[in-house]
Amino acid sequence: MRWLPRLLSNAAAAGRASAAARSATSQVKGGGSHGFASGGWDGSPAVPREWLRKLWGEELKKQKEAARGLGALAGSYQSVEAAGAAREAPSRSYQYDDRDLDPVEAKLAPLLARPNLVIARDIEWANIMFAFEQESRYIIMDPLFPQSPVGFIREKSNVIFRQLLRTRRPFVAEITDATGNEIFTVRRPFWLINSSIYAEVDGKEIGVVHRRWHLWRRIYDLYLGNRQFAVVENPGFWNWTFSLVDEDDKLLAQVDRNWRGIGLELFTDAGQYAIRFGDEGLRHKFGLAADAEELCVARQLTLPERAVALALAISLDSDYFSRRGGWGLPFLIATE
């Protein structure tokens with residue numbers, strides 16, 4: 001310790017001063033000393049114990065005060081840094097100011113105000129083993145924070161209709177945040193030729209996706225209220241990228257159906273979809289998003305339009321990528 005040499009030097013000086021004083025006194029009295037009172041066995045001056053104990057206590061007190069000061073300074077620095085990180089975090093994930101949102105948009109913002117979303121469907125083991133159609137369930141993830149889900153999608157439908165009507169069955173799917181709070185719902189009625197799916201917030205319809213029949217192309221019209229804001233014209237076959245374009249044929253967003261491996265694709269319906277709203281306003285890219293190519297869009301979709309785009313992904317999964325299960329059909333069948 002750096003203060004120990006200083007302590008010993010001060011003690012030695014005090015000892016020498018005390019020995020000199022006693023030596024002068026002994027000389028006045030005419031007496032001598034064998035060195036035990038004025039120094040050690042080697043002639044070094046003795047250190048008074050009381051003075052050393054007092055000096056030691058003062059040094060320890062100074063050390064404790066210095067340590068408390070450093071601890072308080074470090075704690076205040078960490079609190080300031082944490083507050084700065086908390087202020088910075090929303091700017092990475094969200095691009096909307098809550099003060100400018102109406103009640104519908106404010107409810108959609110925690111989930112949909114993100115540049116990208118990944119939707120993964122759970123494996124349905126009863127469907128694989130026994131061809132028993134189960135309720136579809138999905139996990140919603142943010143590529144910036146892939147370790148934990150940001151939301152869930154769960155279908156609610158009649159068990160008899162699921163077995164008889166299969167992909168044409170009517171259902172309602174609830175979209176929730178990570179804690180289970182409902183954000184909005186999608187409603188898909190029974191269909192024969194062209195399917196439709198409706199996005200609703202608190203029971204009020206905000207948009208709809210209508211499928212247009214074509215022999216091989218996959219065409220969808222997206223509406224917000226009575227206004228069409230985008231169309232999807234996929235060439236079909238093995239093209240799994242569904243681009244949302246406006247009336248001027250400018251790109252607004254994309255829904256990509258990702259390949260998850262030969263085993264999952266052949267024997268399950270566990271598809272994965274990436275919804276890309278564009279990277280405008282995104283300063284930092286990390287996690288899985290660091291490997292994603294930047295998507296340049298003509299404009300940012302509004303939050304209700306993003307809810308309709310998410311409904312499109314659910315409709316795509318039901319229309320083209322859901323199949324009858326069971327070991328007897330281990331092939332890629334696009335149910336029409």
# chains A, B, ... in the order shown; residues from 1 in each chain; ligands from 1
call {"tool": "residues_around", "arguments": {"residues": "stretch 161-177 of chain A", "least_positions_apart": "3", "cutoff": "9 Å", "atoms": "only C-alpha atoms", "output": "compact mmCIF listing (two decimals) with N, CA and C atoms, in the first residue's frame"}}
result
# COMPACT_ATOMS: atom_id res chain seq x y z
N PRO A 110 -46.84 -0.48 -29.91
CA PRO A 110 -45.84 -1.32 -29.23
C PRO A 110 -45.38 -2.53 -30.04
N LEU A 111 -46.23 -3.05 -30.92
CA LEU A 111 -45.85 -4.22 -31.71
C LEU A 111 -45.41 -3.85 -33.12
N ALA A 131 -52.90 -36.34 -38.71
CA ALA A 131 -53.67 -35.48 -39.60
C ALA A 131 -54.81 -34.79 -38.87
N PHE A 132 -54.62 -34.56 -37.58
CA PHE A 132 -55.63 -33.86 -36.78
C PHE A 132 -55.30 -32.37 -36.82
N GLU A 133 -56.21 -31.60 -37.42
CA GLU A 133 -55.96 -30.16 -37.60
C GLU A 133 -56.07 -29.44 -36.26
N GLN A 134 -54.99 -28.76 -35.86
CA GLN A 134 -54.97 -28.00 -34.61
C GLN A 134 -55.10 -26.51 -34.88
N GLU A 135 -55.35 -25.77 -33.81
CA GLU A 135 -55.34 -24.32 -33.92
C GLU A 135 -53.91 -23.84 -34.21
N SER A 136 -53.80 -22.94 -35.17
CA SER A 136 -52.48 -22.43 -35.54
C SER A 136 -51.99 -21.43 -34.49
N ARG A 137 -50.71 -21.53 -34.19
CA ARG A 137 -50.08 -20.61 -33.25
C ARG A 137 -48.77 -20.10 -33.85
N ILE A 140 -44.12 -14.00 -32.69
CA ILE A 140 -43.67 -12.78 -33.37
C ILE A 140 -42.38 -12.32 -32.71
N PRO A 149 -39.59 -13.18 -27.61
CA PRO A 149 -40.71 -12.79 -28.50
C PRO A 149 -41.26 -11.42 -28.12
N VAL A 150 -41.81 -10.73 -29.10
CA VAL A 150 -42.48 -9.46 -28.84
C VAL A 150 -43.99 -9.60 -28.95
N GLY A 151 -44.46 -10.77 -29.39
CA GLY A 151 -45.89 -10.98 -29.50
C GLY A 151 -46.23 -12.41 -29.89
N PHE A 152 -47.51 -12.72 -29.87
CA PHE A 152 -47.98 -14.06 -30.22
C PHE A 152 -49.26 -13.94 -31.05
N ILE A 153 -49.51 -14.96 -31.86
CA ILE A 153 -50.75 -15.07 -32.63
C ILE A 153 -51.36 -16.44 -32.32
N ARG A 154 -52.62 -16.43 -31.94
CA ARG A 154 -53.28 -17.70 -31.62
C ARG A 154 -54.65 -17.74 -32.28
N GLU A 155 -54.87 -18.81 -33.04
CA GLU A 155 -56.16 -18.99 -33.71
C GLU A 155 -57.20 -19.51 -32.73
N LYS A 156 -58.44 -19.07 -32.93
CA LYS A 156 -59.58 -19.59 -32.19
C LYS A 156 -60.63 -20.02 -33.20
N SER A 157 -60.91 -21.33 -33.23
CA SER A 157 -61.85 -21.86 -34.23
C SER A 157 -62.51 -23.11 -33.69
N ASN A 158 -63.54 -23.55 -34.39
CA ASN A 158 -64.28 -24.74 -34.00
C ASN A 158 -63.52 -25.99 -34.43
N GLY A 180 -49.27 -11.07 -23.22
CA GLY A 180 -50.61 -11.61 -23.42
C GLY A 180 -51.71 -10.59 -23.57
N ASN A 181 -51.38 -9.30 -23.62
CA ASN A 181 -52.40 -8.27 -23.81
C ASN A 181 -52.79 -8.18 -25.28
N GLU A 182 -54.09 -8.20 -25.55
CA GLU A 182 -54.55 -8.16 -26.94
C GLU A 182 -54.25 -6.80 -27.57
N ILE A 183 -53.69 -6.85 -28.79
CA ILE A 183 -53.41 -5.63 -29.55
C ILE A 183 -54.46 -5.45 -30.64
N PHE A 184 -54.66 -6.48 -31.46
CA PHE A 184 -55.76 -6.47 -32.43
C PHE A 184 -56.05 -7.91 -32.81
N THR A 185 -57.09 -8.10 -33.60
CA THR A 185 -57.50 -9.43 -34.04
C THR A 185 -57.64 -9.44 -35.55
N VAL A 186 -57.57 -10.65 -36.11
CA VAL A 186 -57.87 -10.84 -37.53
C VAL A 186 -58.99 -11.88 -37.63
N ARG A 187 -59.90 -11.63 -38.54
CA ARG A 187 -61.06 -12.50 -38.73
C ARG A 187 -61.08 -12.99 -40.18
N ARG A 188 -61.15 -14.30 -40.33
CA ARG A 188 -61.12 -14.91 -41.67
C ARG A 188 -62.37 -15.78 -41.82
N PRO A 189 -63.34 -15.36 -42.63
CA PRO A 189 -64.57 -16.16 -42.79
C PRO A 189 -64.35 -17.36 -43.73
N PHE A 190 -65.33 -18.23 -43.74
CA PHE A 190 -65.30 -19.37 -44.66
C PHE A 190 -65.31 -18.86 -46.11
N TRP A 191 -64.58 -19.58 -46.98
CA TRP A 191 -64.50 -19.17 -48.38
C TRP A 191 -64.47 -20.40 -49.29
N LEU A 192 -64.86 -20.17 -50.56
CA LEU A 192 -64.83 -21.23 -51.55
C LEU A 192 -63.81 -20.96 -52.66
N SER A 195 -60.38 -15.96 -50.81
CA SER A 195 -60.37 -15.76 -49.37
C SER A 195 -60.27 -14.27 -49.04
N SER A 318 -52.22 -19.58 -44.58
CA SER A 318 -53.40 -20.44 -44.68
C SER A 318 -53.72 -20.83 -46.12
N ASP A 319 -53.50 -19.92 -47.07
CA ASP A 319 -53.88 -20.18 -48.46
C ASP A 319 -52.91 -21.11 -49.18
N SER A 322 -50.17 -24.08 -45.81
CA SER A 322 -50.73 -25.02 -44.85
C SER A 322 -51.23 -26.23 -45.62
N ARG A 323 -50.92 -27.42 -45.10
CA ARG A 323 -51.24 -28.65 -45.82
C ARG A 323 -51.90 -29.64 -44.90
N ARG A 324 -52.54 -30.61 -45.48
CA ARG A 324 -53.05 -31.71 -44.68
C ARG A 324 -51.87 -32.48 -44.10
N THR A 335 -52.34 -25.98 -51.02
CA THR A 335 -53.77 -26.21 -51.05
C THR A 335 -54.48 -25.02 -51.64
N GLU A 336 -55.26 -25.24 -52.62
CA GLU A 336 -56.01 -24.16 -53.28
C GLU A 336 -57.47 -24.22 -52.82
call {"tool": "select_by_dssp", "arguments": {"residues": "stretch 142-258 of chain A", "states": "strand (DSSP E or B)", "output": "ChimeraX atom specification"}}
result
/A:142,145,151-156,171-177,182-188,196-201,204-212,218-224,227-234,241-245,251-258
call {"tool": "residues_around", "arguments": {"residues": "A:Gln272", "least_positions_apart": "5", "cutoff": "7 Å", "atoms": "only C-alpha atoms", "output": "mmCIF file with N, CA, C and O atoms, in the first residue's frame"}}
result
data_model
loop_
_atom_site.group_PDB
_atom_site.id
_atom_site.type_symbol
_atom_site.label_atom_id
_atom_site.label_comp_id
_atom_site.auth_asym_id
_atom_site.auth_seq_id
_atom_site.Cartn_x
_atom_site.Cartn_y
_atom_site.Cartn_z
ATOM 1 N N ILE A 119 -42.284 -13.801 -38.116
ATOM 2 C CA ILE A 119 -43.399 -14.591 -37.597
ATOM 3 C C ILE A 119 -43.094 -16.059 -37.869
ATOM 4 O O ILE A 119 -42.912 -16.459 -39.021
ATOM 5 N N ALA A 120 -43.023 -16.848 -36.815
ATOM 6 C CA ALA A 120 -42.714 -18.279 -36.934
ATOM 7 C C ALA A 120 -43.886 -19.096 -36.405
ATOM 8 O O ALA A 120 -44.400 -18.832 -35.311
ATOM 9 N N ARG A 121 -44.305 -20.078 -37.178
ATOM 10 C CA ARG A 121 -45.416 -20.929 -36.785
ATOM 11 C C ARG A 121 -44.918 -22.127 -35.995
ATOM 12 O O ARG A 121 -43.888 -22.734 -36.326
ATOM 13 N N ARG A 257 -41.390 -15.505 -47.300
ATOM 14 C CA ARG A 257 -41.557 -16.813 -46.669
ATOM 15 C C ARG A 257 -40.192 -17.498 -46.676
ATOM 16 O O ARG A 257 -39.647 -17.818 -47.738
ATOM 17 N N ASN A 258 -39.613 -17.707 -45.496
ATOM 18 C CA ASN A 258 -38.251 -18.222 -45.382
ATOM 19 C C ASN A 258 -38.231 -19.747 -45.397
ATOM 20 O O ASN A 258 -39.105 -20.404 -44.823
#
call {"tool": "residues_around", "arguments": {"residues": "A:Val118", "least_positions_apart": "4", "cutoff": "8 Å", "atoms": "only C-alpha atoms", "output": "list in words"}}
result
Ile140, Met141, Asp142, Pro143, Gln272, Tyr273, Ala274 and Ile275 of chain A
call {"tool": "atom_distance", "arguments": {"atom1": "atom CA of A:Pro235", "atom2": "atom CA of A:Trp213"}}
result
12.8 Å
call {"tool": "residues_around", "arguments": {"residues": "A:Asn226", "least_positions_apart": "5", "cutoff": "10 Å", "atoms": "only C-alpha atoms", "output": "short mmCIF file (atom, residue, chain, number, x, y, z; two decimals) with N, CA, C and O atoms, in the first residue's frame"}}
result
data_model
loop_
_atom_site.label_atom_id
_atom_site.label_comp_id
_atom_site.auth_asym_id
_atom_site.auth_seq_id
_atom_site.Cartn_x
_atom_site.Cartn_y
_atom_site.Cartn_z
N ILE A 206 -60.58 -2.19 -39.35
CA ILE A 206 -59.72 -1.11 -39.84
C ILE A 206 -59.19 -1.38 -41.24
O ILE A 206 -58.77 -0.46 -41.94
N GLY A 207 -59.17 -2.65 -41.68
CA GLY A 207 -58.66 -2.98 -43.00
C GLY A 207 -59.00 -4.40 -43.37
O GLY A 207 -59.44 -5.20 -42.55
N VAL A 208 -58.76 -4.73 -44.64
CA VAL A 208 -59.09 -6.05 -45.15
C VAL A 208 -58.12 -6.42 -46.27
O VAL A 208 -57.59 -5.54 -46.96
#
